[in-house]
$ cat structure_1.cif   # mmCIF, C-alpha atoms
data_protein
#
loop_
_atom_site.label_atom_id
_atom_site.label_comp_id
_atom_site.auth_asym_id
_atom_site.auth_seq_id
_atom_site.Cartn_x
_atom_site.Cartn_y
_atom_site.Cartn_z
CA MET A 1 31.17 -46.37 -235.40
CA THR A 2 32.72 -44.81 -232.29
CA ASN A 3 35.98 -46.00 -230.78
CA ASP A 4 34.42 -47.28 -227.54
CA ARG A 5 31.90 -49.42 -229.48
CA ARG A 6 34.66 -50.85 -231.66
CA GLY A 7 36.47 -52.08 -228.54
CA GLN A 8 33.51 -54.24 -227.55
CA TYR A 9 33.97 -56.52 -230.54
CA ARG A 10 37.65 -57.26 -230.08
CA PHE A 11 39.10 -60.68 -229.47
CA GLY A 12 41.95 -59.57 -227.28
CA ARG A 13 44.42 -61.41 -225.12
CA ARG A 14 42.09 -61.44 -222.09
CA GLN A 15 39.45 -63.31 -224.11
CA ARG A 16 41.78 -66.08 -225.23
CA LEU A 17 41.85 -69.20 -223.15
CA HIS A 18 45.41 -70.45 -223.07
CA GLY A 19 47.50 -72.76 -221.00
CA ARG A 20 47.17 -76.38 -220.03
CA ARG A 21 45.55 -75.62 -216.66
CA ALA A 22 42.84 -73.42 -218.16
CA PHE A 23 41.93 -76.05 -220.76
CA ALA A 24 42.03 -78.81 -218.13
CA ALA A 25 39.67 -76.85 -215.86
CA VAL A 26 37.12 -76.53 -218.66
CA PHE A 27 37.40 -80.22 -219.58
CA ALA A 28 37.09 -81.18 -215.89
CA ALA A 29 33.73 -79.39 -215.63
CA ARG A 30 32.34 -82.15 -217.87
CA VAL A 31 29.76 -79.98 -219.62
CA ARG A 32 29.83 -80.32 -223.38
CA LYS A 33 27.69 -80.19 -226.47
CA LYS A 34 28.58 -81.72 -229.82
CA ILE A 35 27.11 -79.83 -232.74
CA GLY A 36 28.03 -81.00 -236.20
CA PRO A 37 31.79 -80.79 -236.75
CA ILE A 38 32.58 -79.11 -233.40
CA CYS A 39 32.28 -80.00 -229.74
CA LEU A 40 31.87 -77.16 -227.26
CA TYR A 41 33.08 -77.58 -223.66
CA ALA A 42 32.18 -74.89 -221.12
CA ALA A 43 32.78 -73.85 -217.53
CA PRO A 44 31.60 -70.64 -215.83
CA ASN A 45 34.25 -68.07 -214.99
CA ASN A 46 34.41 -65.24 -212.45
CA GLN A 47 35.30 -62.64 -215.04
CA ASN A 48 32.93 -60.30 -216.79
CA LEU A 49 33.65 -61.77 -220.23
CA ALA A 50 33.58 -64.96 -222.26
CA ARG A 51 36.87 -66.62 -223.15
CA MET A 52 37.56 -69.18 -225.87
CA GLY A 53 40.27 -71.69 -226.67
CA LEU A 54 40.55 -73.87 -229.76
CA SER A 55 41.74 -77.44 -230.11
CA THR A 56 42.39 -78.82 -233.58
CA SER A 57 44.41 -81.93 -234.32
CA HIS A 58 46.36 -82.81 -237.44
CA ARG A 59 43.51 -85.15 -238.37
CA VAL A 60 41.33 -82.13 -239.22
CA GLY A 61 43.37 -81.48 -242.36
CA SER A 62 46.34 -79.59 -243.68
CA ALA A 63 47.70 -76.55 -241.85
CA VAL A 64 45.95 -74.29 -244.34
CA GLN A 65 42.60 -75.97 -243.70
CA ARG A 66 43.04 -75.99 -239.88
CA ASN A 67 44.00 -72.32 -239.84
CA ARG A 68 41.06 -71.36 -242.06
CA ILE A 69 38.67 -73.12 -239.67
CA LYS A 70 40.27 -71.51 -236.62
CA ARG A 71 40.12 -68.02 -238.16
CA ARG A 72 36.43 -68.45 -238.92
CA LEU A 73 35.68 -69.77 -235.43
CA ARG A 74 37.54 -66.87 -233.81
CA GLU A 75 35.63 -64.38 -235.95
CA ALA A 76 32.32 -66.10 -235.14
CA PHE A 77 33.18 -65.88 -231.43
CA ARG A 78 34.22 -62.22 -231.73
CA LEU A 79 30.97 -61.19 -233.40
CA SER A 80 28.60 -63.35 -231.32
CA GLN A 81 30.00 -63.23 -227.78
CA HIS A 82 27.81 -60.29 -226.70
CA ASP A 83 24.61 -62.18 -227.52
CA TRP A 84 25.46 -65.15 -225.30
CA PRO A 85 24.05 -65.76 -221.82
CA GLY A 86 26.48 -65.81 -218.88
CA ASN A 87 30.26 -65.64 -218.71
CA TYR A 88 31.95 -68.89 -219.58
CA ASP A 89 35.29 -70.29 -220.59
CA PHE A 90 34.84 -72.29 -223.79
CA VAL A 91 37.02 -74.86 -225.49
CA VAL A 92 36.03 -75.68 -229.04
CA VAL A 93 37.26 -79.06 -230.28
CA VAL A 94 37.18 -79.32 -234.06
CA TYR A 95 36.57 -82.59 -235.90
CA ARG A 96 37.48 -83.35 -239.51
CA HIS A 97 35.27 -81.49 -241.99
CA GLU A 98 35.42 -79.13 -244.93
CA PRO A 99 35.54 -75.49 -243.78
CA LEU A 100 32.08 -73.96 -243.44
CA ALA A 101 31.00 -70.38 -244.00
CA MET A 102 31.59 -68.10 -241.03
CA GLY A 103 27.83 -67.60 -240.61
CA GLU A 104 27.40 -71.34 -240.16
CA TYR A 105 30.07 -71.38 -237.44
CA ARG A 106 28.23 -68.51 -235.70
CA ARG A 107 25.01 -70.53 -235.79
CA LEU A 108 26.74 -73.66 -234.45
CA LEU A 109 28.43 -71.71 -231.64
CA MET A 110 25.15 -70.03 -230.67
CA MET A 111 23.36 -73.39 -230.49
CA GLY A 112 26.19 -74.87 -228.43
CA VAL A 113 26.38 -71.94 -226.02
CA LYS A 114 22.65 -72.04 -225.37
CA ALA A 115 22.81 -75.80 -224.75
CA VAL A 116 25.73 -75.65 -222.28
CA HIS A 117 24.20 -72.63 -220.53
CA GLN A 118 21.02 -74.66 -220.04
CA GLN A 119 23.06 -77.57 -218.65
CA TRP A 120 24.73 -75.23 -216.14
CA GLN A 121 21.35 -73.80 -215.14
CA GLN A 122 20.09 -77.32 -214.43
CA ARG A 123 23.12 -78.01 -212.24
CA LYS A 124 22.36 -75.03 -210.00
#
$ encode --input "structure_1.cif" --output "structure tokens"
Amino acid sequence: MTNDRRGQYRFGRRQRLHGRRAFAAVFAARVRKKIGPICLYAAPNNQNLARMGLSTSHRVGSAVQRNRIKRRLREAFRLSQHDWPGNYDFVVVVYRHEPLAMGEYRRLLMMGVKAVHQQWQQRK
């Protein structure tokens, strides 16, 4: 694999949604899709990339379990982001569940992204 191709699959600082205002803007858009143990909120952005933020409460489980889920969701985002339509800011809210395989998180994220993209297309 060449160096320039490897850079496409990074999950760098620019792709992380962080800060109270950024999360609030996505929540204020009021477009969401609940799929299994996650709820995906989305709002279009003016950048040429998708960004993701994670929200997990202590109710999800121990720190080890929460971090395992977050790692798998970040990896699913990193690998799948280039297959998604449009450029959105996403906030993934995690509900209590046993950690799933990373492939299952990829499938859930893909379903959620397609659903919220369709909702945004209907709003236009």
$ resolve_selection --input "structure_1.cif" --expression "the PyMOL selection byres ((chain A and resi 57) around 10)" --output "ChimeraX atom specification"
/A:55-56,58-63,66,93-96
$ write_last_selection --input "structure_1.cif" --atoms "C-alpha atoms" --output "tab-separated table (two decimals), in the coordinates of the input"
chain	number	residue	atom	x	y	z
A	55	SER	CA	41.74	-77.44	-230.11
A	56	THR	CA	42.39	-78.82	-233.58
A	58	HIS	CA	46.36	-82.81	-237.44
A	59	ARG	CA	43.51	-85.15	-238.37
A	60	VAL	CA	41.33	-82.13	-239.22
A	61	GLY	CA	43.37	-81.48	-242.36
A	62	SER	CA	46.34	-79.59	-243.68
A	63	ALA	CA	47.70	-76.55	-241.85
A	66	ARG	CA	43.04	-75.99	-239.88
A	93	VAL	CA	37.26	-79.06	-230.28
A	94	VAL	CA	37.18	-79.32	-234.06
A	95	TYR	CA	36.57	-82.59	-235.90
A	96	ARG	CA	37.48	-83.35	-239.51
$ closest_residue --input "structure_1.cif" --among "A:Arg107, A:His97, A:Arg123, A:Arg16" --to "Leu79 in chain A" --atoms "only C-alpha atoms"
A:Arg107
$ closest_residue --input "structure_1.cif" --among "A:Phe77, A:Tyr105, A:Tyr41, A:Trp120" --to "Phe90 in chain A" --atoms "all atoms listed in the file"
A:Tyr41
$ closest_residue --input "structure_1.cif" --among "A:Leu17, A:Leu109, A:Ala76, A:Ile38" --to "Ala50 in chain A" --atoms "all atoms listed in the file"
A:Leu17
$ closest_residue --input "structure_1.cif" --among "A:Gly86, A:Met110, A:Arg78, A:Ile69" --to "Ala43 in chain A" --atoms "only C-alpha atoms"
A:Gly86
$ closest_residue --input "structure_1.cif" --among "A:Asn46, A:His18, A:Asn87, A:Met102" --to "Leu73 in chain A" --atoms "only C-alpha atoms"
A:Met102
$ residues_around --input "structure_1.cif" --residues "range 114-118 of chain A" --least-positions-apart "2" --cutoff "8 Å" --atoms "only C-alpha atoms" --output "list in words"
Val31, Arg32, Lys33, Tyr41, Ala42, Trp84, Pro85, Gly86, Met110, Met111, Gly112, Trp120, Gln121 and Gln122 of chain A
$ write_last_selection --input "structure_1.cif" --atoms "C-alpha atoms" --output "PDB file, in the frame of the given file"
ATOM      1  CA  VAL A  31      29.760 -79.980-219.620  1.00  0.00           C
ATOM      2  CA  ARG A  32      29.830 -80.320-223.380  1.00  0.00           C
ATOM      3  CA  LYS A  33      27.690 -80.190-226.470  1.00  0.00           C
ATOM      4  CA  TYR A  41      33.080 -77.580-223.660  1.00  0.00           C
ATOM      5  CA  ALA A  42      32.180 -74.890-221.120  1.00  0.00           C
ATOM      6  CA  TRP A  84      25.460 -65.150-225.300  1.00  0.00           C
ATOM      7  CA  PRO A  85      24.050 -65.760-221.820  1.00  0.00           C
ATOM      8  CA  GLY A  86      26.480 -65.810-218.880  1.00  0.00           C
ATOM      9  CA  MET A 110      25.150 -70.030-230.670  1.00  0.00           C
ATOM     10  CA  MET A 111      23.360 -73.390-230.490  1.00  0.00           C
ATOM     11  CA  GLY A 112      26.190 -74.870-228.430  1.00  0.00           C
ATOM     12  CA  TRP A 120      24.730 -75.230-216.140  1.00  0.00           C
ATOM     13  CA  GLN A 121      21.350 -73.800-215.140  1.00  0.00           C
ATOM     14  CA  GLN A 122      20.090 -77.320-214.430  1.00  0.00           C
TER      15      GLN A 122
END
$ atom_distance --input "structure_1.cif" --atom1 "CA of Arg51 in chain A" --atom2 "CA of Arg71 in chain A"
15.4 Å
$ build_atoms --input "structure_1.cif" --residues "range 44-78 of chain A" --atoms "N, CA and C atoms" --output "PDB file, in the coordinates of the input"
ATOM      1  N   PRO A  44      31.782 -72.046-216.189  1.00  0.00           N
ATOM      2  CA  PRO A  44      31.600 -70.640-215.830  1.00  0.00           C
ATOM      3  C   PRO A  44      32.901 -70.044-215.302  1.00  0.00           C
ATOM      4  N   ASN A  45      33.080 -68.745-215.537  1.00  0.00           N
ATOM      5  CA  ASN A  45      34.250 -68.070-214.990  1.00  0.00           C
ATOM      6  C   ASN A  45      33.799 -66.890-214.135  1.00  0.00           C
ATOM      7  N   ASN A  46      34.715 -66.353-213.352  1.00  0.00           N
ATOM      8  CA  ASN A  46      34.410 -65.240-212.450  1.00  0.00           C
ATOM      9  C   ASN A  46      34.662 -63.893-213.092  1.00  0.00           C
ATOM     10  N   GLN A  47      35.011 -63.890-214.348  1.00  0.00           N
ATOM     11  CA  GLN A  47      35.300 -62.640-215.040  1.00  0.00           C
ATOM     12  C   GLN A  47      34.045 -62.126-215.713  1.00  0.00           C
ATOM     13  N   ASN A  48      34.097 -60.927-216.166  1.00  0.00           N
ATOM     14  CA  ASN A  48      32.930 -60.300-216.790  1.00  0.00           C
ATOM     15  C   ASN A  48      33.004 -60.436-218.315  1.00  0.00           C
ATOM     16  N   LEU A  49      33.522 -61.561-218.801  1.00  0.00           N
ATOM     17  CA  LEU A  49      33.650 -61.770-220.230  1.00  0.00           C
ATOM     18  C   LEU A  49      33.728 -63.259-220.542  1.00  0.00           C
ATOM     19  N   ALA A  50      33.447 -63.581-221.785  1.00  0.00           N
ATOM     20  CA  ALA A  50      33.580 -64.960-222.260  1.00  0.00           C
ATOM     21  C   ALA A  50      34.987 -65.123-222.815  1.00  0.00           C
ATOM     22  N   ARG A  51      35.551 -66.322-222.611  1.00  0.00           N
ATOM     23  CA  ARG A  51      36.870 -66.620-223.150  1.00  0.00           C
ATOM     24  C   ARG A  51      36.783 -67.903-223.970  1.00  0.00           C
ATOM     25  N   MET A  52      37.611 -68.016-225.009  1.00  0.00           N
ATOM     26  CA  MET A  52      37.560 -69.180-225.870  1.00  0.00           C
ATOM     27  C   MET A  52      38.953 -69.689-226.192  1.00  0.00           C
ATOM     28  N   GLY A  53      39.061 -71.017-226.214  1.00  0.00           N
ATOM     29  CA  GLY A  53      40.270 -71.690-226.670  1.00  0.00           C
ATOM     30  C   GLY A  53      39.886 -72.680-227.751  1.00  0.00           C
ATOM     31  N   LEU A  54      40.808 -72.959-228.652  1.00  0.00           N
ATOM     32  CA  LEU A  54      40.550 -73.870-229.760  1.00  0.00           C
ATOM     33  C   LEU A  54      41.484 -75.068-229.690  1.00  0.00           C
ATOM     34  N   SER A  55      40.942 -76.225-230.042  1.00  0.00           N
ATOM     35  CA  SER A  55      41.740 -77.440-230.110  1.00  0.00           C
ATOM     36  C   SER A  55      41.476 -78.108-231.449  1.00  0.00           C
ATOM     37  N   THR A  56      42.500 -78.147-232.286  1.00  0.00           N
ATOM     38  CA  THR A  56      42.390 -78.820-233.580  1.00  0.00           C
ATOM     39  C   THR A  56      43.578 -79.752-233.741  1.00  0.00           C
ATOM     40  N   SER A  57      43.319 -80.976-234.128  1.00  0.00           N
ATOM     41  CA  SER A  57      44.410 -81.930-234.320  1.00  0.00           C
ATOM     42  C   SER A  57      44.806 -81.967-235.790  1.00  0.00           C
ATOM     43  N   HIS A  58      45.883 -82.666-236.061  1.00  0.00           N
ATOM     44  CA  HIS A  58      46.360 -82.810-237.440  1.00  0.00           C
ATOM     45  C   HIS A  58      45.372 -83.606-238.275  1.00  0.00           C
ATOM     46  N   ARG A  59      44.502 -84.355-237.646  1.00  0.00           N
ATOM     47  CA  ARG A  59      43.510 -85.150-238.370  1.00  0.00           C
ATOM     48  C   ARG A  59      42.472 -84.280-239.076  1.00  0.00           C
ATOM     49  N   VAL A  60      42.330 -83.034-238.640  1.00  0.00           N
ATOM     50  CA  VAL A  60      41.330 -82.130-239.220  1.00  0.00           C
ATOM     51  C   VAL A  60      41.683 -81.828-240.674  1.00  0.00           C
ATOM     52  N   GLY A  61      42.950 -81.754-240.993  1.00  0.00           N
ATOM     53  CA  GLY A  61      43.370 -81.480-242.360  1.00  0.00           C
ATOM     54  C   GLY A  61      44.727 -80.822-242.382  1.00  0.00           C
ATOM     55  N   SER A  62      45.046 -80.248-243.527  1.00  0.00           N
ATOM     56  CA  SER A  62      46.340 -79.590-243.680  1.00  0.00           C
ATOM     57  C   SER A  62      46.376 -78.334-242.794  1.00  0.00           C
ATOM     58  N   ALA A  63      47.555 -77.763-242.661  1.00  0.00           N
ATOM     59  CA  ALA A  63      47.700 -76.550-241.850  1.00  0.00           C
ATOM     60  C   ALA A  63      46.845 -75.423-242.404  1.00  0.00           C
ATOM     61  N   VAL A  64      46.758 -75.337-243.709  1.00  0.00           N
ATOM     62  CA  VAL A  64      45.950 -74.290-244.340  1.00  0.00           C
ATOM     63  C   VAL A  64      44.482 -74.472-243.952  1.00  0.00           C
ATOM     64  N   GLN A  65      44.004 -75.697-244.028  1.00  0.00           N
ATOM     65  CA  GLN A  65      42.600 -75.970-243.700  1.00  0.00           C
ATOM     66  C   GLN A  65      42.328 -75.734-242.212  1.00  0.00           C
ATOM     67  N   ARG A  66      43.219 -76.193-241.326  1.00  0.00           N
ATOM     68  CA  ARG A  66      43.040 -75.990-239.880  1.00  0.00           C
ATOM     69  C   ARG A  66      43.019 -74.502-239.544  1.00  0.00           C
ATOM     70  N   ASN A  67      43.944 -73.743-240.127  1.00  0.00           N
ATOM     71  CA  ASN A  67      44.000 -72.320-239.840  1.00  0.00           C
ATOM     72  C   ASN A  67      42.786 -71.571-240.365  1.00  0.00           C
ATOM     73  N   ARG A  68      42.266 -71.985-241.509  1.00  0.00           N
ATOM     74  CA  ARG A  68      41.060 -71.360-242.060  1.00  0.00           C
ATOM     75  C   ARG A  68      39.883 -71.584-241.112  1.00  0.00           C
ATOM     76  N   ILE A  69      39.751 -72.798-240.610  1.00  0.00           N
ATOM     77  CA  ILE A  69      38.670 -73.120-239.670  1.00  0.00           C
ATOM     78  C   ILE A  69      38.824 -72.317-238.391  1.00  0.00           C
ATOM     79  N   LYS A  70      40.045 -72.253-237.863  1.00  0.00           N
ATOM     80  CA  LYS A  70      40.270 -71.510-236.620  1.00  0.00           C
ATOM     81  C   LYS A  70      40.000 -70.022-236.788  1.00  0.00           C
ATOM     82  N   ARG A  71      40.400 -69.444-237.912  1.00  0.00           N
ATOM     83  CA  ARG A  71      40.120 -68.020-238.160  1.00  0.00           C
ATOM     84  C   ARG A  71      38.623 -67.762-238.177  1.00  0.00           C
ATOM     85  N   ARG A  72      37.880 -68.631-238.836  1.00  0.00           N
ATOM     86  CA  ARG A  72      36.430 -68.450-238.920  1.00  0.00           C
ATOM     87  C   ARG A  72      35.766 -68.636-237.558  1.00  0.00           C
ATOM     88  N   LEU A  73      36.241 -69.581-236.771  1.00  0.00           N
ATOM     89  CA  LEU A  73      35.680 -69.770-235.430  1.00  0.00           C
ATOM     90  C   LEU A  73      35.991 -68.579-234.527  1.00  0.00           C
ATOM     91  N   ARG A  74      37.201 -68.052-234.608  1.00  0.00           N
ATOM     92  CA  ARG A  74      37.540 -66.870-233.810  1.00  0.00           C
ATOM     93  C   ARG A  74      36.672 -65.677-234.192  1.00  0.00           C
ATOM     94  N   GLU A  75      36.462 -65.494-235.485  1.00  0.00           N
ATOM     95  CA  GLU A  75      35.630 -64.380-235.950  1.00  0.00           C
ATOM     96  C   GLU A  75      34.183 -64.578-235.515  1.00  0.00           C
ATOM     97  N   ALA A  76      33.687 -65.810-235.587  1.00  0.00           N
ATOM     98  CA  ALA A  76      32.320 -66.100-235.140  1.00  0.00           C
ATOM     99  C   ALA A  76      32.187 -65.797-233.649  1.00  0.00           C
ATOM    100  N   PHE A  77      33.181 -66.176-232.860  1.00  0.00           N
ATOM    101  CA  PHE A  77      33.180 -65.880-231.430  1.00  0.00           C
ATOM    102  C   PHE A  77      33.187 -64.367-231.200  1.00  0.00           C
ATOM    103  N   ARG A  78      34.069 -63.660-231.899  1.00  0.00           N
ATOM    104  CA  ARG A  78      34.220 -62.220-231.730  1.00  0.00           C
ATOM    105  C   ARG A  78      32.910 -61.487-231.986  1.00  0.00           C
TER     106      ARG A  78
END
